[in-house]
Each structure stands twice: as structure tokens, then as C-alpha cells.
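Below is the file target17.pdb, which contains PDB, C-alpha atoms and all ligand atoms.
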MODEL        1
ATOM      1  CA  MET A 133      23.114 -44.396 -23.469  1.00  0.00           C
ATOM      2  CA  GLU A 134      21.919 -45.448 -20.034  1.00  0.00           C
ATOM      3  CA  ASN A 135      24.769 -43.881 -18.072  1.00  0.00           C
ATOM      4  CA  LYS A 136      25.024 -40.868 -20.319  1.00  0.00           C
ATOM      5  CA  LEU A 137      21.419 -39.973 -19.596  1.00  0.00           C
ATOM      6  CA  LEU A 138      21.619 -40.729 -15.889  1.00  0.00           C
ATOM      7  CA  GLU A 139      24.542 -38.309 -15.587  1.00  0.00           C
ATOM      8  CA  PHE A 140      22.031 -35.594 -16.443  1.00  0.00           C
ATOM      9  CA  LEU A 141      20.168 -36.194 -13.184  1.00  0.00           C
ATOM     10  CA  LYS A 142      22.925 -34.292 -11.372  1.00  0.00           C
ATOM     11  CA  LEU A 143      22.439 -31.369 -13.758  1.00  0.00           C
ATOM     12  CA  GLN A 144      18.708 -31.574 -13.281  1.00  0.00           C
ATOM     13  CA  LYS A 145      19.063 -31.288  -9.510  1.00  0.00           C
ATOM     14  CA  ILE A 146      20.995 -28.046  -9.980  1.00  0.00           C
ATOM     15  CA  ASP A 147      18.413 -26.769 -12.464  1.00  0.00           C
ATOM     16  CA  ILE A 148      15.588 -27.448 -10.025  1.00  0.00           C
ATOM     17  CA  ASP A 149      17.457 -25.467  -7.342  1.00  0.00           C
ATOM     18  CA  ILE A 150      18.069 -22.592  -9.767  1.00  0.00           C
ATOM     19  CA  SER A 151      14.402 -22.586 -10.703  1.00  0.00           C
ATOM     20  CA  ASP A 152      13.414 -22.444  -7.015  1.00  0.00           C
ATOM     21  CA  PHE A 153      15.671 -19.448  -6.540  1.00  0.00           C
ATOM     22  CA  LYS A 154      14.055 -17.733  -9.507  1.00  0.00           C
ATOM     23  CA  LYS A 155      10.698 -18.028  -7.767  1.00  0.00           C
ATOM     24  CA  THR A 156      12.254 -16.430  -4.695  1.00  0.00           C
ATOM     25  CA  PHE A 157      13.519 -13.579  -6.858  1.00  0.00           C
ATOM     26  CA  GLU A 158      10.055 -12.985  -8.180  1.00  0.00           C
ATOM     27  CA  ASN A 159       8.385 -13.043  -4.774  1.00  0.00           C
ATOM     28  CA  ILE A 160      10.764 -11.212  -2.459  1.00  0.00           C
ATOM     29  CA  PRO A 161      10.779  -7.870  -4.342  1.00  0.00           C
ATOM     30  CA  LYS A 162       6.977  -7.959  -4.342  1.00  0.00           C
ATOM     31  CA  GLU A 163       6.913  -8.604  -0.609  1.00  0.00           C
ATOM     32  CA  ILE A 164       9.358  -5.734  -0.054  1.00  0.00           C
ATOM     33  CA  ASP A 165       7.165  -3.448  -2.175  1.00  0.00           C
ATOM     34  CA  VAL A 166       4.067  -4.257  -0.152  1.00  0.00           C
ATOM     35  CA  LEU A 167       5.884  -3.533   3.113  1.00  0.00           C
ATOM     36  CA  GLU A 168       7.405  -0.294   1.833  1.00  0.00           C
ATOM     37  CA  ASN A 169       4.010   0.916   0.681  1.00  0.00           C
ATOM     38  CA  LYS A 170       2.517   0.151   4.050  1.00  0.00           C
ATOM     39  CA  ILE A 171       5.276   2.125   5.787  1.00  0.00           C
ATOM     40  CA  SER A 172       5.014   5.128   3.486  1.00  0.00           C
ATOM     41  CA  THR A 173       1.211   5.266   3.800  1.00  0.00           C
ATOM     42  CA  GLU A 174       1.540   5.466   7.570  1.00  0.00           C
ATOM     43  CA  GLU A 175       4.349   8.022   7.344  1.00  0.00           C
ATOM     44  CA  ILE A 176       2.209  10.203   5.091  1.00  0.00           C
ATOM     45  CA  LYS A 177      -0.669   9.999   7.577  1.00  0.00           C
ATOM     46  CA  ILE A 178       1.580  11.113  10.424  1.00  0.00           C
ATOM     47  CA  ASN A 179       3.149  13.917   8.395  1.00  0.00           C
ATOM     48  CA  ASN A 180      -0.258  15.194   7.309  1.00  0.00           C
ATOM     49  CA  LEU A 181      -1.367  15.236  10.905  1.00  0.00           C
ATOM     50  CA  LYS A 182       1.786  17.124  11.955  1.00  0.00           C
ATOM     51  CA  ASP A 183       1.109  19.688   9.220  1.00  0.00           C
ATOM     52  CA  LYS A 184      -2.453  20.064  10.418  1.00  0.00           C
ATOM     53  CA  ILE A 185      -1.268  20.614  13.985  1.00  0.00           C
ATOM     54  CA  SER A 186       1.162  23.339  12.968  1.00  0.00           C
ATOM     55  CA  VAL A 187      -1.577  25.086  10.949  1.00  0.00           C
ATOM     56  CA  LEU A 188      -3.892  24.952  13.953  1.00  0.00           C
ATOM     57  CA  GLU A 189      -1.163  26.262  16.275  1.00  0.00           C
ATOM     58  CA  LYS A 190      -0.564  29.165  13.936  1.00  0.00           C
ATOM     59  CA  GLU A 191      -4.321  29.841  13.814  1.00  0.00           C
ATOM     60  CA  LEU A 192      -4.463  29.839  17.591  1.00  0.00           C
ATOM     61  CA  ASP A 193      -1.567  32.326  17.767  1.00  0.00           C
ATOM     62  CA  ASP A 194      -3.428  34.580  15.330  1.00  0.00           C
ATOM     63  CA  TYR A 195      -6.586  34.502  17.435  1.00  0.00           C
ATOM     64  CA  ASN A 196      -4.556  35.271  20.546  1.00  0.00           C
ATOM     65  CA  SER A 197      -2.949  38.315  19.005  1.00  0.00           C
ATOM     66  CA  GLN A 198      -6.286  39.475  17.553  1.00  0.00           C
ATOM     67  CA  ILE A 199      -7.856  39.263  21.014  1.00  0.00           C
ATOM     68  CA  GLU A 200      -4.890  41.095  22.534  1.00  0.00           C
ATOM     69  CA  THR A 201      -5.282  43.903  19.988  1.00  0.00           C
ATOM     70  CA  ILE A 202      -9.001  44.160  20.708  1.00  0.00           C
ATOM     71  CA  ASN A 203      -8.353  44.225  24.474  1.00  0.00           C
ATOM     72  CA  THR A 204      -5.928  47.114  24.045  1.00  0.00           C
ATOM     73  CA  LYS A 205      -8.454  49.003  21.898  1.00  0.00           C
ATOM     74  CA  ILE A 206     -11.249  48.429  24.413  1.00  0.00           C
ATOM     75  CA  LYS A 207      -8.988  49.587  27.247  1.00  0.00           C
ATOM     76  CA  ASN A 208      -8.065  52.746  25.316  1.00  0.00           C
ATOM     77  CA  GLN A 209     -11.696  53.502  24.546  1.00  0.00           C
ATOM     78  CA  GLU A 210     -12.755  52.980  28.137  1.00  0.00           C
ATOM     79  CA  ASP A 211     -10.020  55.382  29.243  1.00  0.00           C
ATOM     80  CA  LYS A 212     -11.247  57.852  26.640  1.00  0.00           C
ATOM     81  CA  LEU A 213     -14.820  57.696  28.010  1.00  0.00           C
ATOM     82  CA  PHE A 214     -13.715  59.695  31.059  1.00  0.00           C
ATOM     83  CA  THR A 215     -12.386  62.533  28.949  1.00  0.00           C
ATOM     84  CA  ILE A 216     -15.538  63.012  26.853  1.00  0.00           C
ATOM     85  CA  ASN A 217     -18.054  65.760  27.584  1.00  0.00           C
ATOM     86  CA  SER A 218     -20.618  65.470  24.800  1.00  0.00           C
ATOM     87  CA  ASN A 219     -23.353  62.859  25.066  1.00  0.00           C
ATOM     88  CA  LYS A 220     -23.270  62.149  21.354  1.00  0.00           C
ATOM     89  CA  GLU A 221     -19.557  61.381  21.378  1.00  0.00           C
ATOM     90  CA  PHE A 222     -20.053  59.289  24.496  1.00  0.00           C
ATOM     91  CA  GLU A 223     -22.732  57.159  22.852  1.00  0.00           C
ATOM     92  CA  ALA A 224     -20.692  56.732  19.681  1.00  0.00           C
ATOM     93  CA  LEU A 225     -17.697  55.574  21.652  1.00  0.00           C
ATOM     94  CA  GLN A 226     -19.851  53.225  23.737  1.00  0.00           C
ATOM     95  CA  LYS A 227     -21.253  51.690  20.562  1.00  0.00           C
ATOM     96  CA  GLU A 228     -17.747  51.192  19.178  1.00  0.00           C
ATOM     97  CA  THR A 229     -16.694  49.504  22.417  1.00  0.00           C
ATOM     98  CA  GLY A 230     -19.777  47.287  22.264  1.00  0.00           C
ATOM     99  CA  ASP A 231     -18.923  46.263  18.688  1.00  0.00           C
ATOM    100  CA  LEU A 232     -15.379  45.404  19.723  1.00  0.00           C
ATOM    101  CA  LYS A 233     -16.620  43.276  22.611  1.00  0.00           C
ATOM    102  CA  ARG A 234     -18.950  41.354  20.307  1.00  0.00           C
ATOM    103  CA  LEU A 235     -16.110  40.813  17.848  1.00  0.00           C
ATOM    104  CA  LYS A 236     -13.969  39.570  20.719  1.00  0.00           C
ATOM    105  CA  ILE A 237     -16.634  37.003  21.672  1.00  0.00           C
ATOM    106  CA  GLU A 238     -16.801  35.823  18.048  1.00  0.00           C
ATOM    107  CA  ILE A 239     -13.042  35.347  17.916  1.00  0.00           C
ATOM    108  CA  GLU A 240     -13.035  33.609  21.308  1.00  0.00           C
ATOM    109  CA  ASP A 241     -15.591  31.152  19.919  1.00  0.00           C
ATOM    110  CA  LYS A 242     -13.356  30.352  16.972  1.00  0.00           C
ATOM    111  CA  GLN A 243     -10.380  30.142  19.293  1.00  0.00           C
ATOM    112  CA  LEU A 244     -12.177  27.563  21.418  1.00  0.00           C
ATOM    113  CA  LYS A 245     -13.037  25.435  18.371  1.00  0.00           C
ATOM    114  CA  THR A 246      -9.441  25.579  17.182  1.00  0.00           C
ATOM    115  CA  MET A 247      -8.220  24.557  20.631  1.00  0.00           C
ATOM    116  CA  GLU A 248     -10.554  21.544  20.659  1.00  0.00           C
ATOM    117  CA  ASN A 249      -9.494  20.605  17.148  1.00  0.00           C
ATOM    118  CA  LEU A 250      -5.835  20.968  18.105  1.00  0.00           C
ATOM    119  CA  GLU A 251      -6.242  18.804  21.179  1.00  0.00           C
ATOM    120  CA  LEU A 252      -7.952  16.090  19.168  1.00  0.00           C
ATOM    121  CA  SER A 253      -5.281  16.193  16.464  1.00  0.00           C
ATOM    122  CA  LYS A 254      -2.512  15.912  19.051  1.00  0.00           C
ATOM    123  CA  GLU A 255      -4.258  12.935  20.598  1.00  0.00           C
ATOM    124  CA  ASN A 256      -4.541  11.314  17.167  1.00  0.00           C
ATOM    125  CA  LEU A 257      -0.877  11.992  16.494  1.00  0.00           C
ATOM    126  CA  ASN A 258       0.074  10.317  19.771  1.00  0.00           C
ATOM    127  CA  ASN A 259      -2.011   7.289  18.916  1.00  0.00           C
ATOM    128  CA  PHE A 260      -0.686   7.032  15.381  1.00  0.00           C
ATOM    129  CA  THR A 261       2.891   7.478  16.554  1.00  0.00           C
ATOM    130  CA  SER A 262       2.679   4.722  19.143  1.00  0.00           C
ATOM    131  CA  GLN A 263       0.884   2.479  16.669  1.00  0.00           C
ATOM    132  CA  PHE A 264       3.669   3.200  14.189  1.00  0.00           C
ATOM    133  CA  GLN A 265       6.275   2.195  16.762  1.00  0.00           C
ATOM    134  CA  THR A 266       4.610  -1.121  17.533  1.00  0.00           C
ATOM    135  CA  ASP A 267       3.196  -2.144  14.147  1.00  0.00           C
ATOM    136  CA  ILE A 268       5.128  -0.357  11.424  1.00  0.00           C
ATOM    137  CA  GLU A 269       8.655   0.084  12.768  1.00  0.00           C
ATOM    138  CA  PRO A 270       9.255  -3.723  12.910  1.00  0.00           C
ATOM    139  CA  LEU A 271       8.436  -3.886   9.181  1.00  0.00           C
ATOM    140  CA  LYS A 272      11.682  -2.046   8.476  1.00  0.00           C
ATOM    141  CA  GLU A 273      13.571  -4.933  10.083  1.00  0.00           C
ATOM    142  CA  GLU A 274      11.521  -7.347   8.029  1.00  0.00           C
ATOM    143  CA  ILE A 275      12.524  -5.527   4.840  1.00  0.00           C
ATOM    144  CA  LYS A 276      16.186  -5.740   5.821  1.00  0.00           C
ATOM    145  CA  LYS A 277      15.832  -9.479   6.379  1.00  0.00           C
ATOM    146  CA  LEU A 278      14.176  -9.926   2.996  1.00  0.00           C
ATOM    147  CA  GLU A 279      16.907  -7.914   1.314  1.00  0.00           C
ATOM    148  CA  ASN A 280      19.578 -10.054   2.972  1.00  0.00           C
ATOM    149  CA  ASN A 281      17.705 -13.140   1.941  1.00  0.00           C
ATOM    150  CA  LEU A 282      17.628 -11.906  -1.635  1.00  0.00           C
ATOM    151  CA  LYS A 283      21.353 -11.221  -1.557  1.00  0.00           C
ATOM    152  CA  GLU A 284      22.075 -14.671  -0.142  1.00  0.00           C
ATOM    153  CA  CYS A 285      19.893 -16.335  -2.775  1.00  0.00           C
ATOM    154  CA  ASN A 286      21.717 -14.429  -5.463  1.00  0.00           C
ATOM    155  CA  GLU A 287      25.082 -15.647  -4.198  1.00  0.00           C
ATOM    156  CA  LYS A 288      23.826 -19.237  -3.996  1.00  0.00           C
ATOM    157  CA  LYS A 289      22.417 -18.969  -7.486  1.00  0.00           C
ATOM    158  CA  GLU A 290      25.753 -17.737  -8.812  1.00  0.00           C
ATOM    159  CA  THR A 291      27.456 -20.770  -7.229  1.00  0.00           C
ATOM    160  CA  LEU A 292      24.879 -23.100  -8.764  1.00  0.00           C
ATOM    161  CA  ILE A 293      25.371 -21.553 -12.197  1.00  0.00           C
ATOM    162  CA  ALA A 294      29.140 -22.017 -11.870  1.00  0.00           C
ATOM    163  CA  ASP A 295      28.583 -25.675 -10.884  1.00  0.00           C
ATOM    164  CA  ARG A 296      26.241 -26.077 -13.811  1.00  0.00           C
ATOM    165  CA  ASN A 297      28.816 -24.755 -16.262  1.00  0.00           C
ATOM    166  CA  GLN A 298      31.362 -27.233 -14.898  1.00  0.00           C
ATOM    167  CA  ILE A 299      29.003 -30.205 -15.180  1.00  0.00           C
ATOM    168  CA  THR A 300      27.716 -29.470 -18.675  1.00  0.00           C
ATOM    169  CA  LYS A 301      31.306 -29.697 -19.998  1.00  0.00           C
ATOM    170  CA  THR A 302      31.392 -33.392 -19.071  1.00  0.00           C
ATOM    171  CA  LEU A 303      27.992 -34.312 -20.525  1.00  0.00           C
ATOM    172  CA  ASP A 304      26.971 -35.787 -23.876  1.00  0.00           C
ATOM    173  CA  GLU A 305      26.492 -32.865 -26.263  1.00  0.00           C
ATOM    174  CA  ASN A 306      23.570 -34.266 -28.238  1.00  0.00           C
ATOM    175  CA  ILE A 307      21.562 -35.126 -25.165  1.00  0.00           C
ATOM    176  CA  LEU A 308      22.456 -31.739 -23.717  1.00  0.00           C
ATOM    177  CA  ILE A 309      20.918 -29.955 -26.720  1.00  0.00           C
ATOM    178  CA  GLN A 310      17.666 -31.820 -26.233  1.00  0.00           C
ATOM    179  CA  TYR A 311      17.802 -31.362 -22.470  1.00  0.00           C
ATOM    180  CA  GLU A 312      18.338 -27.589 -22.771  1.00  0.00           C
ATOM    181  CA  SER A 313      15.479 -27.187 -25.228  1.00  0.00           C
ATOM    182  CA  LEU A 314      13.108 -29.071 -22.892  1.00  0.00           C
ATOM    183  CA  LEU A 315      14.384 -27.087 -19.917  1.00  0.00           C
ATOM    184  CA  GLU A 316      12.689 -23.997 -21.280  1.00  0.00           C
ATOM    185  CA  ASP A 317       9.450 -25.524 -20.018  1.00  0.00           C
ATOM    186  CA  ASN A 318      11.011 -25.556 -16.521  1.00  0.00           C
ATOM    187  CA  PRO A 319      12.642 -28.498 -14.744  1.00  0.00           C
ATOM    188  CA  PRO A 320      12.399 -31.420 -14.304  1.00  0.00           C
ATOM    189  CA  VAL A 321      13.298 -32.539 -17.811  1.00  0.00           C
ATOM    190  CA  ILE A 322      13.980 -36.191 -16.973  1.00  0.00           C
ATOM    191  CA  VAL A 323      11.110 -37.940 -15.198  1.00  0.00           C
ATOM    192  CA  SER A 324      10.247 -41.463 -14.113  1.00  0.00           C
ATOM    193  CA  ALA A 325       7.900 -43.721 -15.941  1.00  0.00           C
ATOM    194  CA  ILE A 326       5.801 -45.195 -13.179  1.00  0.00           C
ATOM    195  CA  GLY A 327       4.648 -48.364 -14.866  1.00  0.00           C
ATOM    196  CA  GLU A 328       2.985 -47.228 -18.058  1.00  0.00           C
ATOM    197  CA  THR A 329       2.302 -43.778 -16.665  1.00  0.00           C
ATOM    198  CA  CYS A 330       4.384 -40.641 -17.137  1.00  0.00           C
ATOM    199  CA  GLY A 331       5.566 -39.372 -13.726  1.00  0.00           C
ATOM    200  CA  GLN A 332       5.164 -35.771 -14.854  1.00  0.00           C
ATOM    201  CA  CYS A 333       1.821 -35.492 -16.647  1.00  0.00           C
ATOM    202  CA  PHE A 334       0.381 -38.774 -15.302  1.00  0.00           C
ATOM    203  CA  LEU A 335      -0.945 -39.753 -18.711  1.00  0.00           C
ATOM    204  CA  THR A 336      -0.623 -43.302 -19.956  1.00  0.00           C
ATOM    205  CA  ILE A 337       2.401 -44.229 -22.089  1.00  0.00           C
ATOM    206  CA  PRO A 338       1.812 -46.733 -24.914  1.00  0.00           C
ATOM    207  CA  PRO A 339       3.240 -50.217 -24.018  1.00  0.00           C
ATOM    208  CA  GLN A 340       5.823 -50.155 -26.854  1.00  0.00           C
ATOM    209  CA  THR A 341       7.079 -46.772 -25.598  1.00  0.00           C
ATOM    210  CA  TYR A 342       7.324 -48.111 -22.073  1.00  0.00           C
ATOM    211  CA  ILE A 343       9.382 -51.062 -23.310  1.00  0.00           C
ATOM    212  CA  LYS A 344      11.817 -48.606 -24.951  1.00  0.00           C
ATOM    213  CA  VAL A 345      12.079 -46.735 -21.660  1.00  0.00           C
ATOM    214  CA  LEU A 346      13.031 -49.947 -19.873  1.00  0.00           C
ATOM    215  CA  GLN A 347      15.536 -50.953 -22.568  1.00  0.00           C
ATOM    216  CA  GLN A 348      17.357 -47.625 -22.156  1.00  0.00           C
ATOM    217  CA  LYS A 349      18.901 -47.742 -25.588  1.00  0.00           C
ATOM    218  CA  GLU A 350      17.613 -44.435 -26.799  1.00  0.00           C
ATOM    219  CA  ILE A 351      16.099 -41.211 -25.499  1.00  0.00           C
ATOM    220  CA  VAL A 352      12.351 -41.680 -25.047  1.00  0.00           C
ATOM    221  CA  ASN A 353      10.059 -38.691 -24.662  1.00  0.00           C
ATOM    222  CA  CYS A 354       6.620 -38.788 -23.129  1.00  0.00           C
ATOM    223  CA  PRO A 355       4.255 -38.528 -26.114  1.00  0.00           C
ATOM    224  CA  HIS A 356       2.108 -36.064 -24.153  1.00  0.00           C
ATOM    225  CA  CYS A 357       4.385 -33.690 -22.220  1.00  0.00           C
ATOM    226  CA  ARG A 358       7.685 -34.332 -24.089  1.00  0.00           C
ATOM    227  CA  LYS A 359       9.670 -34.949 -20.881  1.00  0.00           C
ATOM    228  CA  ILE A 360      12.456 -37.562 -21.138  1.00  0.00           C
ATOM    229  CA  LEU A 361      11.360 -40.790 -19.484  1.00  0.00           C
ATOM    230  CA  ILE A 362      13.615 -43.118 -17.474  1.00  0.00           C
ATOM    231  CA  PRO A 363      12.777 -46.241 -15.474  1.00  0.00           C
ATOM    232  CA  GLU A 364      11.540 -45.372 -12.009  1.00  0.00           C
ATOM    233  CA  GLU A 365      14.333 -47.260 -10.196  1.00  0.00           C
ATOM    234  CA  ASN A 366      16.971 -45.131 -11.985  1.00  0.00           C
ATOM    235  CA  ASN A 367      15.574 -41.814 -10.843  1.00  0.00           C
ATOM    236  CA  VAL A 368      17.338 -41.229  -7.543  1.00  0.00           C
TER     237      VAL A 368
HETATM  238 ZN    ZN B 401       4.217 -36.887 -19.698  1.00  0.00          ZN
ENDMDL
END

Please express what this file holds, its structure, as C-alpha cells.
Amino acid sequence: MENKLLEFLKLQKIDIDISDFKKTFENIPKEIDVLENKISTEEIKINNLKDKISVLEKELDDYNSQIETINTKIKNQEDKLFTINSNKEFEALQKETGDLKRLKIEIEDKQLKTMENLELSKENLNNFTSQFQTDIEPLKEEIKKLENNLKECNEKKETLIADRNQITKTLDENILIQYESLLEDNPPVIVSAIGETCGQCFLTIPPQTYIKVLQQKEIVNCPHCRKILIPEENNV
């Protein structure tokens, strides 16, 4: 019995490694997700700002062409003033010119606001872009590293599973059944009895149970956590 059980320690070591890899598999995809979200949030910000800038540029173009049209109209009307004889017509035309000039001032006001807005947006874009280069761009490298890490872990895990399959073939079948069913609670399955204390749950083992552990004639489970107990000096 003694040796049969101790042979399982090799299997247990593999199972602990496999379990560690499983934790890695749970954590790395989450880490990648967090980084990807951070990158896409910043990319959206920059794209929104670029859109805003192109809208403002278009607005500015519109104001420019509106002002150009008004200038042409004013010029035409001023030319016309010289050809008019009647006072009434003269006044009407002067009023029209006055209206156009006021409209032009209104548009120039809007144009100025748009220009200020555009300048500010461009400044923001510059800041965001350089911040992206320094803070966000390196995250892409970090994601690549994590992905490689994940791939490596997967390969190592496959090797461990292959080793495990080899080892289980050589082990006592009855103990293996019990071992596998306890493994569902995560490794380790076989733990030391440290004096009359279970090395896993740290609860006290009854003296008669501890004696059985030391005799090593049968499989002894901790009465509290169900782990298989072995003498401390055997657990290497
Ligand atoms: Zn226990």
C-alpha cells in the first residue's frame, strides 16, 4: 500500500501544475480584454475628434463661400449705385447693401467661433494622439506578449496531460478512482499529517486515525476535508 500510494505523488505534482495553468487560462483572457477595451476607448475618442474636425472644416468652407457670395453681391450693388438716377431706387439699393453688410458681419462672427473651435479641436487631437503613442500603443505589445504566454501555457499543458496519461497507466486502479474523485475539489489530493493535524484543513485528526496514517496499511482520509493523509516524512 505504502509505495502504491506514494507513486501518486508524482501524478499529484503534474495535477498541481495543470491546475496552475488553468488559473492562467482564466486570467490572461481577462487581462487581454481589459487592455483591448482601453485601446478601443481611446481610438473611439480620437476618431470622434477627427470627425468633429472635418465637420468644422466643412462649416468653415461654407462660411467662406457665403462671405464670397455676399462680397460679390455688395460689389455689384455698389457698381449699380452709379447708374441709378432716382432717389427712391438709390435708397432701396443702399438699404439692400446695408442688409448684406450686416449679414456678412453675422457670418464672420460665426466663422470666427468655428475657427476657434477648430483650433481647439486640433490641439486636443494632437494631445490625444501623442498620449496614445506613449500610453496606449505599448499596450498592443503587451497584448501580444500575453497571447504568446497563453499559447506557451497551452503547449505546456498539453505536454503535462500527455505525461499524466502515461503515469496513470502504471498506477493502482482502485487508488486512482479515489484519487480522481477527490481531484475534482482541486489538487492536492494527498496531504501530510503534521502530527495529529491535517496539513490541508489544519483540523485535528483523531489519534486512532493518525495511527492508521503512520501504519500506512490502508488509505486514510481526513475526516474533515476528505484529503488522503500520509506521514509528513513521506511527502517529498
Ligand atoms: Zn483535512

Please identify all protein, DNA and RNA residues within 12 Å of ligand ZN 401 (chain B), counting all atoms listed in the file, and report them as a PyMOL selection string. chain A and resi 320-326+328-338+341-342+352-362

Env of Glu175 (chain A): 10 Å cut, atoms = only C-alpha atoms, seq-sep filter 5 positions within chain, self excluded. Answer as a ChimeraX atom specification. /A:169-170,180-181,260-261,264,268

Can you work out the spacing between CA of Pro319 (chain A) and CA of Asp147 (chain A) in Å, to one decimal? 6.4 Å

Provide the CA of Asn208 (chain A) to CA of Leu235 (chain A) distance in Å, to one decimal place. 16.2 Å

Quick one: of A:Lys254, A:Lys272, A:Lys136, A:Lys212, who's nearest to Ile185 (chain A), counting only C-alpha atoms?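 Residue with the minimum atom-to-atom distance to Ile185 (chain A): A:Lys254.
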
Go through the shown structure with the PyMOL selection byres (((chain A and resi 187-198) around 7) and not hetatm) and write out the matching residues as a PyMOL selection string. chain A and resi 183-186+199-202+239+243+246+250

To one decimal in Å, tell me the separation between CA of Leu282 (chain A) and CA of Phe157 (chain A).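 Computing the Euclidean distance for CA of Leu282 (chain A) and CA of Phe157 (chain A) yields 6.9 Å.
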
Would you write out, as a ChimeraX atom specification, every residue that the PyMOL selection byres (((chain A and resi 151) around 12) and not hetatm) captures in this file? /A:144-150,152-158,285,289,292-293,315-320

Give me region 169-193 of chain A with N, CA and C atoms filled in, as a PDB file, keeping the file's coordinate frame.
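Everything below was put into rebuild23.pdb:
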ATOM      1  N   ASN A 169       5.224   0.124   0.874  1.00  0.00           N
ATOM      2  CA  ASN A 169       4.010   0.916   0.681  1.00  0.00           C
ATOM      3  C   ASN A 169       3.261   1.128   1.985  1.00  0.00           C
ATOM      4  N   LYS A 170       3.219   0.075   2.770  1.00  0.00           N
ATOM      5  CA  LYS A 170       2.517   0.151   4.050  1.00  0.00           C
ATOM      6  C   LYS A 170       3.188   1.209   4.939  1.00  0.00           C
ATOM      7  N   ILE A 171       4.528   1.170   4.962  1.00  0.00           N
ATOM      8  CA  ILE A 171       5.276   2.125   5.787  1.00  0.00           C
ATOM      9  C   ILE A 171       5.031   3.548   5.293  1.00  0.00           C
ATOM     10  N   SER A 172       5.117   3.749   3.970  1.00  0.00           N
ATOM     11  CA  SER A 172       5.014   5.128   3.486  1.00  0.00           C
ATOM     12  C   SER A 172       3.599   5.670   3.668  1.00  0.00           C
ATOM     13  N   THR A 173       2.585   4.808   3.549  1.00  0.00           N
ATOM     14  CA  THR A 173       1.211   5.266   3.800  1.00  0.00           C
ATOM     15  C   THR A 173       1.074   5.790   5.226  1.00  0.00           C
ATOM     16  N   GLU A 174       1.638   5.048   6.174  1.00  0.00           N
ATOM     17  CA  GLU A 174       1.540   5.466   7.570  1.00  0.00           C
ATOM     18  C   GLU A 174       2.354   6.729   7.828  1.00  0.00           C
ATOM     19  N   GLU A 175       3.517   6.818   7.164  1.00  0.00           N
ATOM     20  CA  GLU A 175       4.349   8.022   7.344  1.00  0.00           C
ATOM     21  C   GLU A 175       3.636   9.255   6.812  1.00  0.00           C
ATOM     22  N   ILE A 176       2.948   9.075   5.671  1.00  0.00           N
ATOM     23  CA  ILE A 176       2.209  10.203   5.091  1.00  0.00           C
ATOM     24  C   ILE A 176       1.102  10.651   6.045  1.00  0.00           C
ATOM     25  N   LYS A 177       0.400   9.673   6.623  1.00  0.00           N
ATOM     26  CA  LYS A 177      -0.669   9.999   7.577  1.00  0.00           C
ATOM     27  C   LYS A 177      -0.132  10.865   8.708  1.00  0.00           C
ATOM     28  N   ILE A 178       1.002  10.400   9.283  1.00  0.00           N
ATOM     29  CA  ILE A 178       1.580  11.113  10.424  1.00  0.00           C
ATOM     30  C   ILE A 178       2.054  12.510  10.018  1.00  0.00           C
ATOM     31  N   ASN A 179       2.674  12.604   8.847  1.00  0.00           N
ATOM     32  CA  ASN A 179       3.149  13.917   8.395  1.00  0.00           C
ATOM     33  C   ASN A 179       1.995  14.874   8.128  1.00  0.00           C
ATOM     34  N   ASN A 180       0.916  14.348   7.547  1.00  0.00           N
ATOM     35  CA  ASN A 180      -0.258  15.194   7.309  1.00  0.00           C
ATOM     36  C   ASN A 180      -0.821  15.725   8.622  1.00  0.00           C
ATOM     37  N   LEU A 181      -0.841  14.844   9.608  1.00  0.00           N
ATOM     38  CA  LEU A 181      -1.367  15.236  10.905  1.00  0.00           C
ATOM     39  C   LEU A 181      -0.468  16.289  11.562  1.00  0.00           C
ATOM     40  N   LYS A 182       0.846  16.125  11.411  1.00  0.00           N
ATOM     41  CA  LYS A 182       1.786  17.124  11.955  1.00  0.00           C
ATOM     42  C   LYS A 182       1.578  18.484  11.291  1.00  0.00           C
ATOM     43  N   ASP A 183       1.370  18.439   9.949  1.00  0.00           N
ATOM     44  CA  ASP A 183       1.109  19.688   9.220  1.00  0.00           C
ATOM     45  C   ASP A 183      -0.153  20.350   9.750  1.00  0.00           C
ATOM     46  N   LYS A 184      -1.175  19.542   9.950  1.00  0.00           N
ATOM     47  CA  LYS A 184      -2.453  20.064  10.418  1.00  0.00           C
ATOM     48  C   LYS A 184      -2.265  20.728  11.778  1.00  0.00           C
ATOM     49  N   ILE A 185      -1.503  20.071  12.644  1.00  0.00           N
ATOM     50  CA  ILE A 185      -1.268  20.614  13.985  1.00  0.00           C
ATOM     51  C   ILE A 185      -0.544  21.954  13.909  1.00  0.00           C
ATOM     52  N   SER A 186       0.427  22.058  13.015  1.00  0.00           N
ATOM     53  CA  SER A 186       1.162  23.339  12.968  1.00  0.00           C
ATOM     54  C   SER A 186       0.273  24.445  12.390  1.00  0.00           C
ATOM     55  N   VAL A 187      -0.629  24.083  11.469  1.00  0.00           N
ATOM     56  CA  VAL A 187      -1.577  25.086  10.949  1.00  0.00           C
ATOM     57  C   VAL A 187      -2.502  25.562  12.076  1.00  0.00           C
ATOM     58  N   LEU A 188      -2.980  24.608  12.858  1.00  0.00           N
ATOM     59  CA  LEU A 188      -3.892  24.952  13.953  1.00  0.00           C
ATOM     60  C   LEU A 188      -3.185  25.799  15.017  1.00  0.00           C
ATOM     61  N   GLU A 189      -1.917  25.486  15.283  1.00  0.00           N
ATOM     62  CA  GLU A 189      -1.163  26.262  16.275  1.00  0.00           C
ATOM     63  C   GLU A 189      -0.975  27.709  15.822  1.00  0.00           C
ATOM     64  N   LYS A 190      -0.744  27.818  14.490  1.00  0.00           N
ATOM     65  CA  LYS A 190      -0.564  29.165  13.936  1.00  0.00           C
ATOM     66  C   LYS A 190      -1.886  29.932  14.037  1.00  0.00           C
ATOM     67  N   GLU A 191      -2.998  29.250  13.747  1.00  0.00           N
ATOM     68  CA  GLU A 191      -4.321  29.841  13.814  1.00  0.00           C
ATOM     69  C   GLU A 191      -4.609  30.345  15.232  1.00  0.00           C
ATOM     70  N   LEU A 192      -4.230  29.499  16.190  1.00  0.00           N
ATOM     71  CA  LEU A 192      -4.463  29.839  17.591  1.00  0.00           C
ATOM     72  C   LEU A 192      -3.653  31.075  17.986  1.00  0.00           C
ATOM     73  N   ASP A 193      -2.418  31.154  17.518  1.00  0.00           N
ATOM     74  CA  ASP A 193      -1.567  32.326  17.767  1.00  0.00           C
ATOM     75  C   ASP A 193      -2.223  33.583  17.215  1.00  0.00           C
TER      76      ASP A 193
END
